[in-house]
$ cat run22.txt   # compact mmCIF, C-alpha atoms
# COMPACT_ATOMS: atom_id res chain seq x y z
CA MET A 85 91.42 93.09 89.73
CA THR A 86 89.10 93.81 86.83
CA PRO A 87 90.49 93.70 83.27
CA ASP A 88 90.46 97.52 83.24
CA GLU A 89 92.43 97.65 86.50
CA ILE A 90 94.89 95.09 85.13
CA ALA A 91 95.31 97.26 82.02
CA VAL A 92 96.21 100.27 84.20
CA VAL A 93 99.02 98.41 85.98
CA ARG A 94 100.00 96.13 83.08
CA GLY A 95 103.34 97.83 82.56
CA GLU A 96 104.21 97.73 86.26
CA LEU A 97 103.13 94.08 86.43
CA GLU A 98 105.33 93.14 83.48
CA ASP A 99 108.32 94.95 85.02
CA PHE A 100 107.68 93.23 88.36
CA ALA A 101 107.39 89.82 86.68
CA ALA A 102 110.56 90.38 84.67
CA GLU A 103 112.46 91.21 87.86
CA MET A 104 111.03 88.37 89.96
CA PHE A 105 111.29 85.69 87.29
CA GLU A 106 114.64 86.73 85.83
CA PRO A 107 116.19 83.35 86.84
CA PHE A 108 114.03 81.57 84.21
CA ALA A 109 116.32 80.53 81.39
CA ARG A 110 113.76 79.62 78.73
CA ASN A 111 111.53 81.95 76.72
CA ASP A 112 108.41 79.83 77.29
CA GLN A 113 108.95 79.91 81.06
CA ARG A 114 109.38 83.70 81.03
CA ARG A 115 106.17 84.06 79.02
CA TRP A 116 103.93 81.77 81.05
CA ARG A 117 105.08 82.98 84.45
CA GLN A 118 103.76 86.45 83.58
CA VAL A 119 100.52 85.04 82.13
CA TYR A 120 99.91 82.88 85.21
CA LEU A 121 100.57 85.83 87.49
CA ARG A 122 98.08 87.94 85.53
CA GLY A 123 95.53 85.12 85.78
CA LEU A 124 95.87 85.06 89.57
CA LEU A 125 95.33 88.82 89.75
CA THR A 126 92.32 88.93 87.41
CA ASP A 127 88.90 88.75 89.07
CA GLY A 128 87.28 85.33 89.05
CA ARG A 129 85.78 82.83 91.43
CA ARG A 130 88.29 80.05 90.75
CA LYS A 131 92.03 80.48 90.18
CA SER A 132 92.84 76.97 88.98
CA VAL A 133 94.32 76.57 85.50
CA GLU A 134 91.19 75.89 83.43
CA PRO A 135 89.01 78.84 84.58
CA MET A 136 92.01 81.18 84.50
CA ALA A 137 92.79 80.13 80.94
CA ALA A 138 89.19 80.89 79.93
CA ARG A 139 89.50 84.43 81.32
CA LEU A 140 92.89 85.20 79.77
CA GLY A 141 91.68 85.44 76.18
CA GLU A 142 94.39 84.87 73.58
CA ASP A 143 96.89 84.05 76.35
CA GLY A 144 94.59 81.39 77.78
CA ASN A 145 96.46 78.28 76.68
CA ARG A 146 95.33 75.76 79.29
CA GLN A 147 97.82 73.09 78.30
CA ALA A 148 100.78 75.47 78.35
CA LEU A 149 99.80 76.92 81.73
CA ALA A 150 99.32 73.45 83.23
CA HIS A 151 102.71 72.32 81.89
CA PHE A 152 104.41 75.44 83.25
CA LEU A 153 102.88 74.88 86.68
CA THR A 154 103.21 71.13 87.17
CA THR A 155 105.87 69.82 84.80
CA SER A 156 108.28 72.61 83.88
CA PRO A 157 111.50 72.11 85.93
CA TRP A 158 112.02 75.48 87.64
CA ASP A 159 113.23 75.95 91.20
CA PRO A 160 110.80 78.05 93.28
CA SER A 161 113.48 78.89 95.85
CA HIS A 162 115.19 81.21 93.33
CA ILE A 163 111.96 83.14 92.87
CA ARG A 164 111.31 83.27 96.62
CA ALA A 165 114.76 84.75 97.25
CA LYS A 166 114.18 87.56 94.75
CA LEU A 167 110.71 88.10 96.18
CA ALA A 168 112.14 88.34 99.71
CA TRP A 169 114.72 90.92 98.64
CA LYS A 170 112.06 93.02 96.96
CA VAL A 171 109.66 92.85 99.90
CA GLU A 172 112.34 93.49 102.52
CA ALA A 173 113.36 96.74 100.84
CA ALA A 174 109.74 97.94 100.69
CA ILE A 175 108.34 97.02 104.10
CA ARG A 176 111.48 97.02 106.30
CA PRO A 177 110.34 94.02 108.39
CA THR A 178 110.60 94.01 112.15
CA ALA A 179 109.87 90.28 112.46
CA LEU A 180 109.75 86.93 110.76
CA VAL A 181 106.32 85.42 111.36
CA PHE A 182 105.70 81.67 111.03
CA ASP A 183 102.28 80.12 110.61
CA ASP A 184 100.52 77.29 108.78
CA THR A 185 97.31 76.99 106.82
CA GLY A 186 95.19 74.12 105.53
CA PHE A 187 94.30 73.24 101.94
CA LEU A 188 91.07 71.25 102.17
CA LYS A 189 90.80 68.27 99.80
CA ASP A 190 88.01 65.88 98.82
CA GLY A 191 90.24 63.09 97.53
CA ASN A 192 93.41 61.35 98.67
CA ALA A 193 95.63 61.60 95.59
CA SER A 194 97.34 64.97 96.21
CA ALA A 195 100.83 65.06 97.71
CA CYS A 196 100.83 64.89 101.53
CA VAL A 197 97.04 64.97 101.89
CA SER A 198 95.89 63.27 105.08
CA ARG A 199 93.37 63.52 107.87
CA GLN A 200 95.02 66.06 110.17
CA TYR A 201 94.19 69.11 112.22
CA THR A 202 94.11 72.51 110.55
CA GLY A 203 93.05 75.82 112.03
CA THR A 204 91.52 76.63 108.64
CA ALA A 205 88.67 74.22 109.42
CA GLY A 206 89.12 74.21 113.21
CA LYS A 207 89.10 70.42 113.27
CA VAL A 208 90.74 67.25 111.96
CA THR A 209 89.85 66.92 108.30
CA ASN A 210 91.20 65.75 104.94
CA CYS A 211 93.74 68.35 103.87
CA GLN A 212 97.26 69.41 103.05
CA VAL A 213 99.05 71.77 105.44
CA GLY A 214 101.50 74.42 104.28
CA VAL A 215 103.94 76.19 106.62
CA SER A 216 104.81 79.75 105.61
CA LEU A 217 107.31 82.43 106.56
CA HIS A 218 106.24 86.07 106.32
CA LEU A 219 108.26 89.27 106.50
CA ALA A 220 106.18 91.65 108.61
CA SER A 221 106.14 95.19 109.93
CA ASP A 222 103.36 97.19 111.54
CA HIS A 223 102.11 98.42 108.16
CA ALA A 224 102.66 95.53 105.73
CA SER A 225 103.57 91.84 105.40
CA ALA A 226 104.13 89.20 102.74
CA ALA A 227 104.78 85.45 102.57
CA VAL A 228 108.21 84.76 101.07
CA ASP A 229 108.87 81.08 101.83
CA TRP A 230 106.84 77.86 102.07
CA ARG A 231 107.08 74.20 103.07
CA LEU A 232 104.50 71.47 102.43
CA PHE A 233 104.13 69.46 105.64
CA LEU A 234 104.61 65.72 105.08
CA PRO A 235 102.62 63.66 107.65
CA GLN A 236 104.12 60.50 109.14
CA THR A 237 101.69 58.40 107.09
CA TRP A 238 103.58 59.52 103.95
CA ASP A 239 107.04 58.74 105.34
CA PRO A 240 108.24 55.18 104.59
CA ALA A 241 110.69 55.45 107.52
CA SER A 242 107.93 56.18 110.03
CA PRO A 243 106.24 53.45 112.10
CA LYS A 244 102.96 55.22 111.22
CA ALA A 245 103.54 54.92 107.46
CA ALA A 246 100.45 54.01 105.41
CA LEU A 247 101.19 51.68 102.50
CA ASP A 248 98.73 53.39 100.14
CA LYS A 249 100.21 56.84 100.79
CA VAL A 250 103.82 55.68 100.54
CA ALA A 251 102.94 54.00 97.23
CA ARG A 252 101.74 57.37 95.86
CA ARG A 253 104.99 59.23 96.59
CA THR A 254 106.46 58.57 93.15
CA ALA A 255 103.31 59.60 91.28
CA CYS A 256 103.18 62.80 93.37
CA GLY A 257 106.83 63.57 92.64
CA ILE A 258 107.87 63.69 96.30
CA PRO A 259 111.69 63.63 96.47
CA GLU A 260 113.13 60.48 98.01
CA ASP A 261 115.01 62.43 100.68
CA VAL A 262 111.89 64.18 101.98
CA GLY A 263 110.49 62.64 105.15
CA HIS A 264 108.32 63.68 108.05
CA VAL A 265 109.60 66.81 109.79
CA GLU A 266 107.73 68.65 112.57
CA LYS A 267 106.28 72.02 111.60
CA TRP A 268 108.49 73.90 114.06
CA GLN A 269 111.57 72.34 112.44
CA LEU A 270 110.32 73.37 108.99
CA ALA A 271 110.06 76.90 110.40
CA LEU A 272 113.67 76.80 111.61
CA ASP A 273 114.76 75.47 108.21
CA MET A 274 113.05 78.43 106.52
CA ALA A 275 114.68 80.85 108.95
CA ASP A 276 118.04 79.40 107.90
CA GLU A 277 117.13 79.66 104.22
CA VAL A 278 116.06 83.30 104.49
CA ARG A 279 119.27 84.13 106.30
CA SER A 280 121.22 82.40 103.53
CA TRP A 281 119.60 84.93 101.17
CA GLY A 282 121.21 87.72 103.19
CA ILE A 283 118.07 88.76 105.08
CA GLU A 284 118.67 89.24 108.80
CA VAL A 285 115.57 89.86 110.88
CA PRO A 286 116.44 88.90 114.48
CA LEU A 287 112.90 88.60 115.88
CA VAL A 288 110.46 85.71 115.39
CA ILE A 289 106.71 85.66 116.02
CA ALA A 290 104.56 82.52 115.98
CA ASP A 291 101.48 81.02 117.60
CA ALA A 292 101.30 78.31 120.27
CA GLY A 293 101.70 75.54 117.70
CA TYR A 294 105.34 76.63 117.55
CA GLY A 295 105.79 78.42 120.89
CA ASP A 296 104.87 75.33 122.92
CA ALA A 297 107.84 73.45 121.40
CA ALA A 298 110.84 74.07 123.64
CA ALA A 299 113.06 72.76 120.83
CA PHE A 300 111.79 75.56 118.58
CA ARG A 301 112.56 78.25 121.14
CA LEU A 302 115.98 76.73 121.85
CA GLY A 303 116.64 76.57 118.10
CA LEU A 304 115.94 80.30 117.85
CA ASN A 305 118.26 80.95 120.81
CA ALA A 306 121.01 78.96 119.09
CA ARG A 307 120.59 81.18 116.00
CA GLY A 308 120.77 84.38 118.04
CA MET A 309 117.12 85.19 117.32
CA ARG A 310 114.66 86.67 119.83
CA TYR A 311 111.02 85.59 119.93
CA VAL A 312 107.49 86.51 120.95
CA VAL A 313 105.44 83.31 120.69
CA GLY A 314 102.02 82.14 121.75
CA ILE A 315 101.89 79.40 124.37
CA SER A 316 99.27 77.12 125.91
CA THR A 317 97.84 77.79 129.36
CA THR A 318 99.39 74.59 130.70
CA MET A 319 103.05 75.49 130.11
CA SER A 320 104.85 75.21 133.47
CA ALA A 321 107.20 77.78 134.95
CA GLN A 322 108.73 79.14 138.12
CA PRO A 323 108.16 82.78 139.14
CA GLY A 324 110.90 85.14 138.02
CA ASP A 325 112.08 85.75 141.59
CA ALA A 326 112.29 82.05 142.48
CA VAL A 327 115.75 80.96 143.64
CA PRO A 328 117.11 77.38 143.76
CA THR A 329 118.16 76.30 147.24
CA CYS A 330 119.99 73.32 148.72
CA GLU A 331 118.63 71.09 151.44
CA PRO A 332 120.91 70.75 154.48
CA TYR A 333 123.76 68.31 153.87
CA SER A 334 123.61 65.25 156.12
CA GLY A 335 127.35 64.70 155.86
CA THR A 336 127.12 61.40 153.99
CA GLY A 337 126.69 60.63 150.32
CA ARG A 338 126.55 63.14 147.51
CA PRO A 339 125.73 66.73 148.58
CA PRO A 340 122.21 67.73 147.49
CA ALA A 341 121.96 69.73 144.27
CA PRO A 342 120.23 73.13 144.30
CA LYS A 343 116.58 72.99 143.28
CA TYR A 344 113.55 75.20 143.38
CA PRO A 345 111.71 74.86 146.71
CA THR A 346 108.23 74.56 145.14
CA PRO A 347 107.02 72.74 142.02
CA ALA A 348 106.59 74.69 138.79
CA ARG A 349 103.07 76.02 138.16
CA SER A 350 101.14 76.58 134.96
CA VAL A 351 101.42 80.03 133.37
CA LYS A 352 97.69 80.45 133.84
CA GLU A 353 98.03 79.86 137.59
CA LEU A 354 100.88 82.39 137.80
CA VAL A 355 98.84 85.11 136.07
CA ILE A 356 95.73 84.43 138.14
CA ALA A 357 97.87 84.60 141.28
CA ALA A 358 99.06 88.05 140.19
CA GLY A 359 95.40 89.04 139.93
CA CYS A 360 93.36 91.08 137.48
CA LYS A 361 94.52 94.25 139.25
CA ALA A 362 97.95 93.62 137.70
CA ALA A 363 96.45 94.07 134.22
CA ARG A 364 97.27 97.34 132.42
CA PRO A 365 95.35 98.88 129.50
CA VAL A 366 97.18 98.93 126.16
CA GLN A 367 96.15 100.17 122.72
CA TRP A 368 98.34 98.55 120.08
CA ARG A 369 96.93 99.74 116.75
CA GLU A 370 93.90 101.08 114.91
CA GLY A 371 91.77 98.64 112.98
CA SER A 372 89.86 98.93 109.70
CA ARG A 373 86.37 99.57 111.10
CA PRO A 374 85.05 103.08 111.87
CA GLY A 375 85.75 104.22 115.41
CA THR A 376 87.22 106.86 117.67
CA GLY A 377 90.90 106.55 116.79
CA ARG A 378 92.91 109.45 115.38
CA SER A 379 92.38 108.18 111.85
CA GLY A 380 88.65 107.65 112.43
CA ARG A 381 89.07 103.89 112.85
CA LYS A 382 88.38 101.62 115.79
CA ARG A 383 91.15 101.39 118.38
CA MET A 384 92.45 97.90 119.18
CA TYR A 385 92.51 97.92 122.96
CA SER A 386 92.63 95.44 125.85
CA ARG A 387 94.24 94.80 129.23
CA PHE A 388 97.46 92.84 129.72
CA VAL A 389 99.54 91.33 132.51
CA ALA A 390 103.31 91.03 132.07
CA LEU A 391 105.34 88.89 134.49
CA ARG A 392 108.92 87.72 134.63
CA ILE A 393 108.99 83.91 134.81
CA ARG A 394 111.37 80.99 134.35
CA PRO A 395 109.95 78.35 131.94
CA ALA A 396 110.47 74.81 133.21
CA GLY A 397 110.58 71.41 131.55
CA HIS A 398 113.08 68.67 130.78
CA GLU A 399 114.40 70.17 127.52
CA ILE A 400 114.94 73.60 129.06
CA ARG A 401 116.74 72.20 132.08
CA GLN A 402 119.00 70.04 129.90
CA ALA A 403 119.98 73.07 127.83
CA THR A 404 120.67 75.26 130.89
CA ASP A 405 124.04 75.59 132.59
CA GLY A 406 123.69 75.83 136.35
CA PRO A 407 120.65 75.42 138.59
CA GLU A 408 118.81 78.62 137.58
CA LEU A 409 116.31 78.43 134.72
CA PRO A 410 116.50 81.29 132.17
CA GLU A 411 114.18 84.24 132.79
CA CYS A 412 111.60 85.33 130.18
CA TRP A 413 108.54 87.50 129.79
CA LEU A 414 105.09 86.01 130.25
CA LEU A 415 102.42 88.18 128.63
CA ALA A 416 98.73 87.49 129.16
CA GLU A 417 95.67 89.25 127.78
CA TRP A 418 93.03 89.72 130.48
CA PRO A 419 90.16 91.79 129.07
CA ALA A 420 87.97 93.82 131.41
CA GLY A 421 84.95 91.79 132.45
CA GLU A 422 86.64 88.41 131.94
CA SER A 423 87.05 86.16 134.98
CA GLU A 424 90.47 84.92 133.79
CA PRO A 425 93.10 85.64 131.13
CA VAL A 426 92.28 84.56 127.58
CA GLN A 427 95.61 84.40 125.72
CA PHE A 428 99.28 83.88 126.62
CA TRP A 429 102.67 84.63 125.05
CA LEU A 430 106.29 83.95 125.99
CA SER A 431 109.16 86.25 125.01
CA ASP A 432 112.90 86.40 125.61
CA LEU A 433 113.08 90.13 124.83
CA PRO A 434 115.15 92.12 127.39
CA ALA A 435 113.80 92.68 130.90
CA ASP A 436 113.42 96.43 130.28
CA THR A 437 111.13 95.96 127.24
CA PRO A 438 108.04 98.19 127.65
CA LEU A 439 104.64 96.54 127.97
CA THR A 440 103.37 98.40 124.91
CA THR A 441 106.20 96.91 122.82
CA LEU A 442 105.48 93.38 124.03
CA VAL A 443 101.79 93.75 123.19
CA ARG A 444 102.38 95.33 119.79
CA LEU A 445 104.75 92.53 118.76
CA ALA A 446 102.54 89.74 120.14
CA LYS A 447 99.60 91.14 118.19
CA LEU A 448 101.60 91.56 114.97
CA ARG A 449 100.63 88.01 114.02
CA TRP A 450 97.21 89.38 112.89
CA ARG A 451 98.94 90.48 109.70
CA ILE A 452 99.45 86.86 108.67
CA GLU A 453 95.72 86.16 109.01
CA HIS A 454 95.27 89.15 106.68
CA ASP A 455 97.80 87.66 104.23
CA TYR A 456 96.11 84.24 104.22
CA ARG A 457 92.67 85.78 103.75
CA GLU A 458 93.79 87.84 100.78
CA MET A 459 95.76 85.01 99.19
CA LYS A 460 92.87 82.56 99.59
CA GLN A 461 89.89 84.77 98.79
CA ALA A 462 91.36 86.95 96.04
CA LEU A 463 94.41 85.14 94.65
CA GLY A 464 93.48 81.45 94.63
CA LEU A 465 95.99 80.10 97.15
CA ALA A 466 93.82 77.03 97.86
CA HIS A 467 92.65 76.52 94.25
CA PHE A 468 95.53 74.38 92.97
CA GLU A 469 94.01 71.20 91.56
CA GLY A 470 97.23 69.39 90.67
CA ARG A 471 98.52 66.49 92.71
CA THR A 472 102.28 66.92 92.63
CA TRP A 473 104.79 68.14 95.17
CA GLY A 474 106.47 70.41 92.63
CA GLY A 475 103.20 71.81 91.31
CA TRP A 476 102.07 72.78 94.83
CA HIS A 477 105.33 74.62 95.51
CA HIS A 478 105.16 76.37 92.13
CA HIS A 479 101.58 77.51 92.75
CA VAL A 480 102.10 78.89 96.28
CA THR A 481 105.24 80.70 95.11
CA LEU A 482 103.34 82.38 92.25
CA VAL A 483 100.46 83.29 94.58
CA SER A 484 102.99 84.84 96.97
CA ALA A 485 104.39 86.86 94.06
CA ALA A 486 100.88 88.07 93.15
CA HIS A 487 100.22 89.00 96.79
CA ALA A 488 103.54 90.85 97.03
CA PHE A 489 102.67 92.81 93.87
CA CYS A 490 99.36 93.88 95.46
CA THR A 491 101.17 94.84 98.69
CA LEU A 492 103.77 96.89 96.82
CA GLN A 493 101.02 98.63 94.85
CA ARG A 494 99.25 99.59 98.09
CA LEU A 495 102.44 100.87 99.67
CA ALA A 496 103.26 102.97 96.59
CA ARG A 497 99.80 104.55 96.53
CA ALA A 498 99.14 104.94 100.26
CA PRO A 499 99.22 108.48 101.73
CA LYS A 500 102.47 109.06 103.56
CA ASP A 501 100.67 109.56 106.89
CA ALA A 502 98.51 106.44 106.58
CA ALA A 503 99.32 102.85 107.47
CA PRO A 504 98.06 100.52 104.74
CA ALA A 505 96.40 97.25 105.71

$ encode --input "run22.txt" --output "structure tokens"
Amino acid sequence: MTPDEIAVVRGELEDFAAEMFEPFARNDQRRWRQVYLRGLLTDGRRKSVEPMAARLGEDGNRQALAHFLTTSPWDPSHIRAKLAWKVEAAIRPTALVFDDTGFLKDGNASACVSRQYTGTAGKVTNCQVGVSLHLASDHASAAVDWRLFLPQTWDPASPKAALDKVARRTACGIPEDVGHVEKWQLALDMADEVRSWGIEVPLVIADAGYGDAAAFRLGLNARGMRYVVGISTTMSAQPGDAVPTCEPYSGTGRPPAPKYPTPARSVKELVIAAGCKAARPVQWREGSRPGTGRSGRKRMYSRFVALRIRPAGHEIRQATDGPELPECWLLAEWPAGESEPVQFWLSDLPADTPLTTLVRLAKLRWRIEHDYREMKQALGLAHFEGRTWGGWHHHVTLVSAAHAFCTLQRLARAPKDAAPA
């Protein structure tokens, strides 16, 4: 926002900050939280402390802002809870969406930085990785919870621990009880935390980085939560109509246990066997570019195959009572002109769920890409230059608050018959 635009919403911003940061006990914390939030919202190429302080005029106390961000002992979870309550009331979320994003780094001194894969760069590179939870509906979304992923090289209890990284834990302020936890488990932990705040959203959406983990899907089942998750083409499954059978009993020894008569096949093979003629056209929303939709925007349209299948694998079988594997939806996007399907999802939504609903929910994850883009390009999500665990969590929480303020402003000003981006 320009200084003039900030001036127009200054009163609303101060009211929002007072509500979100009410848990702060000290006057200096209450002051600098609002100043930092205003710095994130004000136009500028960099949103680290020093350039923000230079743009904030008489409020631009670099030392005070740096202390508030990296040293001041405030718990970000209290702010995230209030943020989640505010966002839930405004957007009425239909799903919790989990994802992760990379924070590229040149050096090795920041907490949890390591050479690891991130979709942000599309390769293994030197970075931190943050896992986020978003409340999402068709018309709006916002990140309300975060975890900083700690690689095994930073965990002294891991056989892959690196002595130089473990030695930096104290300087980075990493709590002693924090060790390496898989990203899908961090997601489940955040689902539990959000529910502890009184927010019940019984549907989860995530990409294949989470959907491929049977333990993640089973964890959602144990919590009574449904899912629509991306999966890899190699996941194995039985067709939905497959039935376990017993081989004839010879009369000696233990009677044979029921088993499926043919080996499980990859989900890609199952969809290709169904054939491209099984694909049905679906339009799931209108985009932002000009087009032929009712609102004058481009229609988001493709062809999809939906099959009932029974996911296989050791973890699923161990968790299943009886010989039959649980039945799920397999959804595959197979665009016209493509020789094979291009994307796959798994869902445990009921068997009578319409294809249009499956597609709309699977595609809802695009909102999180929108959130990341706005938080990184406009609000400085990846501009934190501190090295501490606490400072990182403080910064991403304040960026999430700034993003939520922008989202609430758009919702308040959007025409009633329009769906804001």

$ residues_near_point --input "run22.txt" --point "(105.4, 59.9, 94.0)" --cutoff "12 Å" --atoms "all atoms listed in the file" --output "number ranges by chain"
A: 193-196, 238-240, 248-262, 471-474

$ atom_distance --input "run22.txt" --atom1 "atom CA of A:Thr86" --atom2 "atom CA of A:Leu492"
18.0 Å

$ residues_around --input "run22.txt" --residues "A:Gly128" --least-positions-apart "6" --cutoff "9 Å" --atoms "all atoms listed in the file" --output "list in words"
Met85, Thr86, Pro135, Met136, Arg139 and Ala462 of chain A

$ atom_distance --input "run22.txt" --atom1 "atom CA of A:Pro332" --atom2 "atom CA of A:Gln402"
24.7 Å

$ residues_around --input "run22.txt" --residues "stretch 302-315 of chain A" --least-positions-apart "3" --cutoff "6 Å" --atoms "all atoms listed in the file" --output "PDB file with C-alpha atoms, in the coordinates of the input"
ATOM      1  CA  PRO A 286     116.440  88.900 114.480  1.00  0.00           C
ATOM      2  CA  LEU A 287     112.900  88.600 115.880  1.00  0.00           C
ATOM      3  CA  VAL A 288     110.460  85.710 115.390  1.00  0.00           C
ATOM      4  CA  ILE A 289     106.710  85.660 116.020  1.00  0.00           C
ATOM      5  CA  ALA A 290     104.560  82.520 115.980  1.00  0.00           C
ATOM      6  CA  ASP A 291     101.480  81.020 117.600  1.00  0.00           C
ATOM      7  CA  ALA A 292     101.300  78.310 120.270  1.00  0.00           C
ATOM      8  CA  GLY A 295     105.790  78.420 120.890  1.00  0.00           C
ATOM      9  CA  ASP A 296     104.870  75.330 122.920  1.00  0.00           C
ATOM     10  CA  ALA A 299     113.060  72.760 120.830  1.00  0.00           C
ATOM     11  CA  PHE A 428      99.280  83.880 126.620  1.00  0.00           C
ATOM     12  CA  TRP A 429     102.670  84.630 125.050  1.00  0.00           C
ATOM     13  CA  LEU A 430     106.290  83.950 125.990  1.00  0.00           C
ATOM     14  CA  SER A 431     109.160  86.250 125.010  1.00  0.00           C
ATOM     15  CA  ALA A 446     102.540  89.740 120.140  1.00  0.00           C
TER      16      ALA A 446
END

$ residues_around --input "run22.txt" --residues "A:Asn145" --least-positions-apart "5" --cutoff "12 Å" --atoms "all atoms listed in the file" --output "PyMOL selection string"
chain A and resi 115-116+119-120+123+133-140+150-152

$ closest_residue --input "run22.txt" --among "A:Arg392, A:His487, A:Lys244, A:Arg176" --to "A:Gly324" --atoms "all atoms listed in the file"
A:Arg392

$ residues_near_point --input "run22.txt" --point "(114.7, 80.4, 143.4)" --cutoff "12 Å" --atoms "all atoms listed in the file" --output "PDB file with C-alpha atoms, in the frame of the given file"
ATOM      1  CA  ALA A 321     107.200  77.780 134.950  1.00  0.00           C
ATOM      2  CA  GLN A 322     108.730  79.140 138.120  1.00  0.00           C
ATOM      3  CA  PRO A 323     108.160  82.780 139.140  1.00  0.00           C
ATOM      4  CA  GLY A 324     110.900  85.140 138.020  1.00  0.00           C
ATOM      5  CA  ASP A 325     112.080  85.750 141.590  1.00  0.00           C
ATOM      6  CA  ALA A 326     112.290  82.050 142.480  1.00  0.00           C
ATOM      7  CA  VAL A 327     115.750  80.960 143.640  1.00  0.00           C
ATOM      8  CA  PRO A 328     117.110  77.380 143.760  1.00  0.00           C
ATOM      9  CA  THR A 329     118.160  76.300 147.240  1.00  0.00           C
ATOM     10  CA  CYS A 330     119.990  73.320 148.720  1.00  0.00           C
ATOM     11  CA  PRO A 342     120.230  73.130 144.300  1.00  0.00           C
ATOM     12  CA  LYS A 343     116.580  72.990 143.280  1.00  0.00           C
ATOM     13  CA  TYR A 344     113.550  75.200 143.380  1.00  0.00           C
ATOM     14  CA  PRO A 345     111.710  74.860 146.710  1.00  0.00           C
ATOM     15  CA  THR A 346     108.230  74.560 145.140  1.00  0.00           C
ATOM     16  CA  PRO A 347     107.020  72.740 142.020  1.00  0.00           C
ATOM     17  CA  ALA A 348     106.590  74.690 138.790  1.00  0.00           C
ATOM     18  CA  ILE A 393     108.990  83.910 134.810  1.00  0.00           C
ATOM     19  CA  ARG A 394     111.370  80.990 134.350  1.00  0.00           C
ATOM     20  CA  PRO A 407     120.650  75.420 138.590  1.00  0.00           C
ATOM     21  CA  GLU A 408     118.810  78.620 137.580  1.00  0.00           C
ATOM     22  CA  LEU A 409     116.310  78.430 134.720  1.00  0.00           C
ATOM     23  CA  PRO A 410     116.500  81.290 132.170  1.00  0.00           C
ATOM     24  CA  GLU A 411     114.180  84.240 132.790  1.00  0.00           C
TER      25      GLU A 411
END

$ closest_residue --input "run22.txt" --among "A:Ala466, A:Leu482, A:Ala271, A:Val351" --to "A:Cys412" --atoms "all atoms listed in the file"
A:Val351

$ atom_distance --input "run22.txt" --atom1 "atom CA of A:Ala396" --atom2 "atom CA of A:Leu415"
16.3 Å

$ closest_residue --input "run22.txt" --among "A:Val426, A:Ala241, A:Ala298, A:Ala179" --to "A:Ala403" --atoms "only C-alpha atoms"
A:Ala298

$ closest_residue --input "run22.txt" --among "A:Asp112, A:Glu284, A:Asp143, A:Glu399" --to "A:Ala168" --atoms "all atoms listed in the file"
A:Glu284

$ residues_around --input "run22.txt" --residues "A:Cys211" --least-positions-apart "2" --cutoff "9 Å" --atoms "only C-alpha atoms" --output "PyMOL selection string"
chain A and resi 186-192+196-202+208-209+213

$ residues_around --input "run22.txt" --residues "A:Gln427" --least-positions-apart "3" --cutoff "8 Å" --atoms "only C-alpha atoms" --output "PyMOL selection string"
chain A and resi 314+317+416-418

$ write_last_selection --input "run22.txt" --atoms "C-alpha atoms" --output "compact mmCIF listing (two decimals), in the coordinates of the input"
# COMPACT_ATOMS: atom_id res chain seq x y z
CA GLY A 314 102.02 82.14 121.75
CA THR A 317 97.84 77.79 129.36
CA ALA A 416 98.73 87.49 129.16
CA GLU A 417 95.67 89.25 127.78
CA TRP A 418 93.03 89.72 130.48
